[in-house]
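Structure file final_15.cif (mmCIF, C-alpha atoms and all ligand atoms) is printed below.
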data_model
#
loop_
_atom_site.label_atom_id
_atom_site.label_comp_id
_atom_site.auth_asym_id
_atom_site.auth_seq_id
_atom_site.Cartn_x
_atom_site.Cartn_y
_atom_site.Cartn_z
CA MET A 1 7.63 -7.82 26.22
CA ALA A 2 9.48 -10.89 24.94
CA ASP A 3 13.25 -10.66 25.11
CA ILE A 4 14.17 -10.48 21.43
CA LEU A 5 17.88 -11.14 22.06
CA GLU A 6 16.97 -14.31 23.94
CA LEU A 7 14.79 -15.36 21.01
CA ILE A 8 17.60 -14.65 18.53
CA SER A 9 20.14 -16.50 20.70
CA SER A 10 18.04 -19.63 21.05
CA ARG A 11 16.87 -19.92 17.41
CA LYS A 12 18.63 -22.52 15.30
CA SER A 13 18.11 -24.08 11.90
CA VAL A 14 16.28 -27.40 12.13
CA ARG A 15 16.17 -29.76 9.18
CA LYS A 16 14.27 -32.79 10.54
CA TYR A 17 10.66 -32.46 11.62
CA LEU A 18 8.11 -34.45 13.60
CA ASP A 19 5.04 -35.75 11.82
CA LYS A 20 2.87 -33.15 13.52
CA HIS A 21 0.85 -30.31 12.00
CA ILE A 22 1.36 -26.67 12.85
CA PRO A 23 -2.02 -25.11 13.78
CA ASP A 24 -3.38 -22.71 11.15
CA GLU A 25 -3.56 -20.01 13.81
CA ASP A 26 0.20 -20.25 14.37
CA LEU A 27 0.92 -20.27 10.62
CA HIS A 28 -1.19 -17.13 10.38
CA LYS A 29 0.85 -15.45 13.14
CA ILE A 30 4.10 -16.38 11.39
CA LEU A 31 2.88 -14.90 8.10
CA GLU A 32 1.55 -11.84 9.90
CA ALA A 33 5.05 -11.22 11.33
CA GLY A 34 6.29 -11.11 7.74
CA ARG A 35 3.50 -8.87 6.54
CA LEU A 36 4.30 -6.29 9.23
CA ALA A 37 7.98 -5.98 8.28
CA HIS A 38 9.39 -2.63 7.21
CA SER A 39 10.57 -1.85 3.69
CA TRP A 40 12.05 0.91 1.57
CA MET A 41 9.41 3.61 1.07
CA ASN A 42 7.00 1.06 2.51
CA VAL A 43 6.70 -0.53 -0.93
CA GLN A 44 6.42 -4.06 0.53
CA CYS A 45 7.62 -5.71 -2.66
CA TRP A 46 6.86 -9.20 -1.37
CA LYS A 47 4.40 -12.06 -1.47
CA PHE A 48 4.46 -15.05 0.87
CA ILE A 49 3.05 -18.32 -0.42
CA LEU A 50 2.12 -20.89 2.22
CA VAL A 51 2.59 -24.37 0.77
CA LYS A 52 1.30 -27.49 2.47
CA ASN A 53 0.53 -29.52 -0.65
CA GLN A 54 2.94 -32.48 -0.88
CA GLU A 55 3.29 -32.34 -4.66
CA THR A 56 4.36 -28.70 -4.52
CA LYS A 57 6.71 -29.37 -1.59
CA ASP A 58 8.28 -32.20 -3.61
CA LEU A 59 8.78 -29.84 -6.54
CA LEU A 60 10.32 -27.20 -4.26
CA SER A 61 12.62 -29.86 -2.80
CA GLU A 62 13.73 -30.75 -6.32
CA LEU A 63 14.29 -27.04 -6.97
CA SER A 64 16.33 -26.92 -3.75
CA ILE A 65 18.80 -29.45 -5.16
CA GLY A 66 16.92 -32.27 -3.44
CA GLN A 67 17.16 -30.91 0.11
CA PRO A 68 14.93 -33.32 2.07
CA GLN A 69 13.75 -30.83 4.70
CA VAL A 70 11.74 -29.04 2.01
CA LYS A 71 9.57 -32.04 1.20
CA ASN A 72 9.50 -33.23 4.83
CA ALA A 73 8.48 -29.90 6.34
CA ASP A 74 4.94 -29.61 7.61
CA ALA A 75 4.64 -26.31 5.77
CA VAL A 76 6.83 -24.21 3.54
CA ILE A 77 6.71 -20.47 2.95
CA VAL A 78 7.92 -19.39 -0.46
CA CYS A 79 9.01 -15.77 -0.21
CA VAL A 80 8.70 -13.91 -3.46
CA ALA A 81 10.32 -10.61 -4.42
CA ASP A 82 8.18 -8.60 -6.82
CA THR A 83 10.36 -6.36 -8.99
CA GLN A 84 7.27 -4.67 -10.45
CA ALA A 85 6.13 -3.41 -7.03
CA TRP A 86 8.29 -0.26 -7.22
CA GLU A 87 6.68 0.81 -10.46
CA ASP A 88 3.23 -0.12 -9.19
CA ALA A 89 3.75 2.02 -6.07
CA LYS A 90 3.84 5.07 -8.40
CA ILE A 91 6.17 7.12 -6.25
CA THR A 92 6.34 10.08 -8.62
CA HIS A 93 7.37 12.73 -6.08
CA ILE A 94 10.86 11.20 -5.74
CA GLN A 95 12.74 11.60 -9.00
CA LYS A 96 16.27 10.67 -7.86
CA PRO A 97 17.30 7.07 -8.66
CA ALA A 98 19.34 6.91 -5.44
CA LEU A 99 16.15 7.43 -3.46
CA ASN A 100 13.69 5.58 -5.66
CA PRO A 101 14.56 2.06 -6.89
CA ALA A 102 11.82 2.33 -9.54
CA LEU A 103 14.18 4.69 -11.40
CA GLN A 104 17.19 2.38 -11.16
CA CYS A 105 18.56 -0.04 -13.74
CA GLU A 106 17.27 -3.62 -13.92
CA ASN A 107 20.07 -4.89 -11.65
CA GLY A 108 19.41 -2.15 -9.09
CA ILE A 109 15.72 -3.01 -8.95
CA LEU A 110 16.52 -6.72 -8.67
CA ILE A 111 19.00 -6.23 -5.83
CA ARG A 112 16.69 -3.86 -3.94
CA SER A 113 13.74 -6.21 -4.37
CA LEU A 114 15.63 -9.25 -3.08
CA GLU A 115 17.08 -7.19 -0.23
CA GLN A 116 13.66 -6.17 1.13
CA VAL A 117 12.51 -9.75 1.64
CA ILE A 118 15.30 -10.48 4.15
CA TYR A 119 13.42 -8.55 6.86
CA PRO A 120 10.08 -10.41 6.72
CA VAL A 121 12.01 -13.69 6.44
CA SER A 122 13.84 -12.94 9.70
CA TYR A 123 10.66 -11.85 11.45
CA MET A 124 8.75 -14.94 10.33
CA MET A 125 11.52 -17.23 11.58
CA LEU A 126 11.64 -15.49 14.95
CA GLU A 127 7.86 -15.56 15.31
CA ALA A 128 7.91 -19.26 14.42
CA HIS A 129 10.58 -19.87 17.05
CA SER A 130 8.56 -17.96 19.67
CA LEU A 131 5.66 -20.34 18.95
CA GLY A 132 7.86 -23.43 19.28
CA VAL A 133 7.94 -23.99 15.52
CA SER A 134 11.37 -24.71 14.04
CA SER A 135 12.53 -23.54 10.65
CA CYS A 136 15.32 -23.49 8.12
CA ILE A 137 16.01 -20.95 5.41
CA ILE A 138 16.62 -22.50 2.04
CA GLY A 139 18.80 -20.31 -0.12
CA ALA A 140 20.30 -23.05 -2.25
CA PHE A 141 17.76 -23.48 -5.01
CA GLY A 142 17.66 -23.09 -8.73
CA SER A 143 16.30 -19.94 -10.31
CA GLU A 144 16.25 -17.88 -13.46
CA ILE A 145 18.67 -15.44 -11.77
CA THR A 146 21.39 -17.98 -11.11
CA ALA A 147 20.59 -20.11 -14.18
CA VAL A 148 20.70 -23.18 -11.93
CA LEU A 149 18.01 -25.78 -12.72
CA PRO A 150 16.16 -23.47 -15.12
CA GLU A 151 13.60 -26.09 -16.16
CA VAL A 152 12.65 -26.96 -12.57
CA SER A 153 12.55 -23.26 -11.76
CA ALA A 154 10.12 -22.61 -14.62
CA LYS A 155 7.96 -25.52 -13.46
CA ALA A 156 7.95 -24.27 -9.85
CA LYS A 157 7.09 -20.74 -10.93
CA GLN A 158 4.20 -22.07 -12.97
CA ALA A 159 2.97 -24.22 -10.06
CA LEU A 160 3.08 -21.16 -7.79
CA ASN A 161 1.48 -18.91 -10.42
CA LEU A 162 4.40 -16.45 -10.51
CA ASN A 163 4.93 -14.05 -13.38
CA ASP A 164 8.26 -12.96 -14.86
CA ASN A 165 8.60 -10.08 -12.38
CA GLN A 166 8.10 -12.32 -9.38
CA ILE A 167 11.26 -14.03 -8.18
CA ILE A 168 11.57 -16.65 -5.49
CA SER A 169 13.97 -15.07 -3.00
CA THR A 170 13.86 -17.52 -0.11
CA ILE A 171 12.12 -20.69 0.95
CA ILE A 172 11.38 -21.21 4.64
CA THR A 173 10.70 -24.72 5.90
CA LEU A 174 8.59 -25.07 9.05
CA GLY A 175 7.94 -27.94 11.42
CA TYR A 176 8.43 -29.25 14.94
CA ASP A 177 11.98 -30.17 15.89
CA ALA A 178 12.79 -33.87 15.51
CA GLU A 179 16.54 -33.30 15.92
CA ASN A 180 16.49 -32.13 19.53
CA LYS A 181 20.07 -30.94 19.27
CA GLU A 182 21.44 -28.39 21.68
CA THR A 183 21.54 -24.85 20.27
CA VAL A 184 25.19 -24.13 19.62
CA LYS A 185 25.74 -20.71 18.14
CA VAL A 186 28.78 -21.02 15.92
CA ARG A 187 29.50 -17.37 15.32
CA LYS A 188 32.53 -15.14 14.90
CA ASN A 189 33.62 -13.35 18.07
CA PHE A 190 32.04 -9.99 18.86
CA ASP A 191 35.39 -8.21 18.39
CA ASP A 192 35.96 -9.86 15.03
CA VAL A 193 32.81 -8.35 13.52
CA VAL A 194 32.07 -5.22 15.55
CA PHE A 195 34.30 -2.13 15.50
CA ASN A 196 34.28 1.35 16.95
CA GLU A 197 34.52 4.12 14.37
CA LYS A 198 36.73 2.17 11.91
CA LEU A 199 38.09 -1.31 11.20
CA SER A 200 41.25 -2.17 13.08
C1 LIG A 301 20.46 -16.81 2.97
C2 LIG A 301 20.58 -18.15 3.64
C3 LIG A 301 20.52 -19.29 2.87
C4 LIG A 301 20.59 -20.55 3.48
N1 LIG A 301 20.42 -21.68 2.72
C5 LIG A 301 20.37 -22.87 3.32
C6 LIG A 301 20.08 -24.04 2.57
O1 LIG A 301 19.87 -23.99 1.35
N2 LIG A 301 20.02 -25.21 3.22
C7 LIG A 301 20.23 -25.33 4.57
O2 LIG A 301 20.15 -26.44 5.09
N3 LIG A 301 20.50 -24.24 5.32
C8 LIG A 301 20.56 -23.02 4.73
N4 LIG A 301 20.79 -21.89 5.48
C9 LIG A 301 20.94 -22.01 6.94
C10 LIG A 301 22.37 -21.77 7.41
O3 LIG A 301 23.17 -22.88 7.07
C11 LIG A 301 22.35 -21.53 8.93
O4 LIG A 301 21.55 -20.41 9.20
C12 LIG A 301 23.75 -21.29 9.47
O5 LIG A 301 24.53 -22.44 9.35
C13 LIG A 301 23.72 -20.89 10.94
O6 LIG A 301 23.07 -21.88 11.71
P1 LIG A 301 21.79 -21.55 12.61
O7 LIG A 301 20.71 -21.05 11.68
O8 LIG A 301 21.43 -22.86 13.25
O9 LIG A 301 22.16 -20.51 13.60
C14 LIG A 301 20.77 -20.65 4.89
C15 LIG A 301 20.86 -19.47 5.64
C16 LIG A 301 20.76 -18.25 5.03
C17 LIG A 301 20.80 -17.00 5.89
#

What does this structure look like when you write it as structure tokens?
Amino acid sequence: MADILELISSRKSVRKYLDKHIPDEDLHKILEAGRLAHSWMNVQCWKFILVKNQETKDLLSELSIGQPQVKNADAVIVCVADTQAWEDAKITHIQKPALNPALQCENGILIRSLEQVIYPVSYMMLEAHSLGVSSCIIGAFGSEITAVLPEVSAKAKQALNLNDNQIISTIITLGYDAENKETVKVRKNFDDVVFNEKLS
């Protein structure tokens, strides 16, 4: 078994990539790691769009406030939260909103949908790292939720064939490390974030 803590400790965000393609087999493994992630009531309210096309990467870079790693990545995974998935799952035996996001208000469904996608994103990045593929999460991008760059967002959604219920939650850039920087984990101290029984 791979040491997951070692994998987590050595992963870092990389924003400059070599001009070298990631084999399709490895991209498939990365996406498979996302597909196998866990979710509330196993609803799996996500879609992962693998983008290699330069025109689409350029558009996603524009959506990401011009971040160059998006257009320079060998491949990009657009992670989509599908707010309709809860309804589609037709979980009729649970009639309490606290237990079934399908019964919650629009905001509740939105938050729950976006929340689920965090897990496959993390798994995909760790799988990529285990294969020697570097990555960076892109969270700074325009969307209909934040009302940042609404025109570019509409254009990107159209290019990706997303409907109104499908929201881009995260963009993952993938490529081989051209930075070759040492991994320095800048993190708060263990005792500053972990507590026994209550905060001190
Ligand atoms: C939700 C989220 C959004 C992020 N958005 C961006 C981004 O838009 N651009 C970027 O370069 N890095 C982005 N990052 C990467 C963080 O800057 C990075 O993870 C953090 O500085 C820690 O560094 P490390 O990943 O190398 O450990 C994002 C990370 C997360 C978790």

* Structure fact -> One decimal place gives the atom CA of Ile171 of chain A-atom CA of Met124 of chain A separation as 11.5 Å

* To do: Kindly work out which residues sit at most 8 Å from ligand LIG 301 (chain A), using only C-alpha atoms and all ligand atoms, and give the list as a PyMOL selection string.
  => chain A and resi 11-15+64+67+69+136-141+170+183-186

Give one line per residue of segment 2-25 of chain A that approaches segment 35-52 of chain A to at most 12 Å, naming the two atoms of the closest pair and their distance in Å to one decimal, counting all atoms listed in the file; sort by chain then ascending residue number and deliver it as CSV.
residue,atom,partner,partner_atom,distance
A:His21,CA,A:Lys52,CA,9.9
A:Ile22,CA,A:Lys52,CA,10.4
A:Asp24,CA,A:Leu50,CA,10.6

* **Residues within 10 Å of segment 148-164 of chain A, only C-alpha atoms, excluding chain neighbours under 3 positions, as number ranges by chain** => A: 49, 51, 55-57, 59-60, 62-65, 78, 80, 82-84, 140-145, 167-168

* 12 Å contact set for Tyr176 of chain A, only C-alpha atoms, chain neighbours under 6 positions out, as a list in words -> Ser13, Val14, Arg15, Lys16, Tyr17, Leu18, Asp19, Lys20, His21, Ile22, Pro23, Gln69, Asn72, Ala73, Asp74, Ala75, Ala128, His129, Leu131, Gly132, Val133, Ser134, Ser135 and Cys136 of chain A
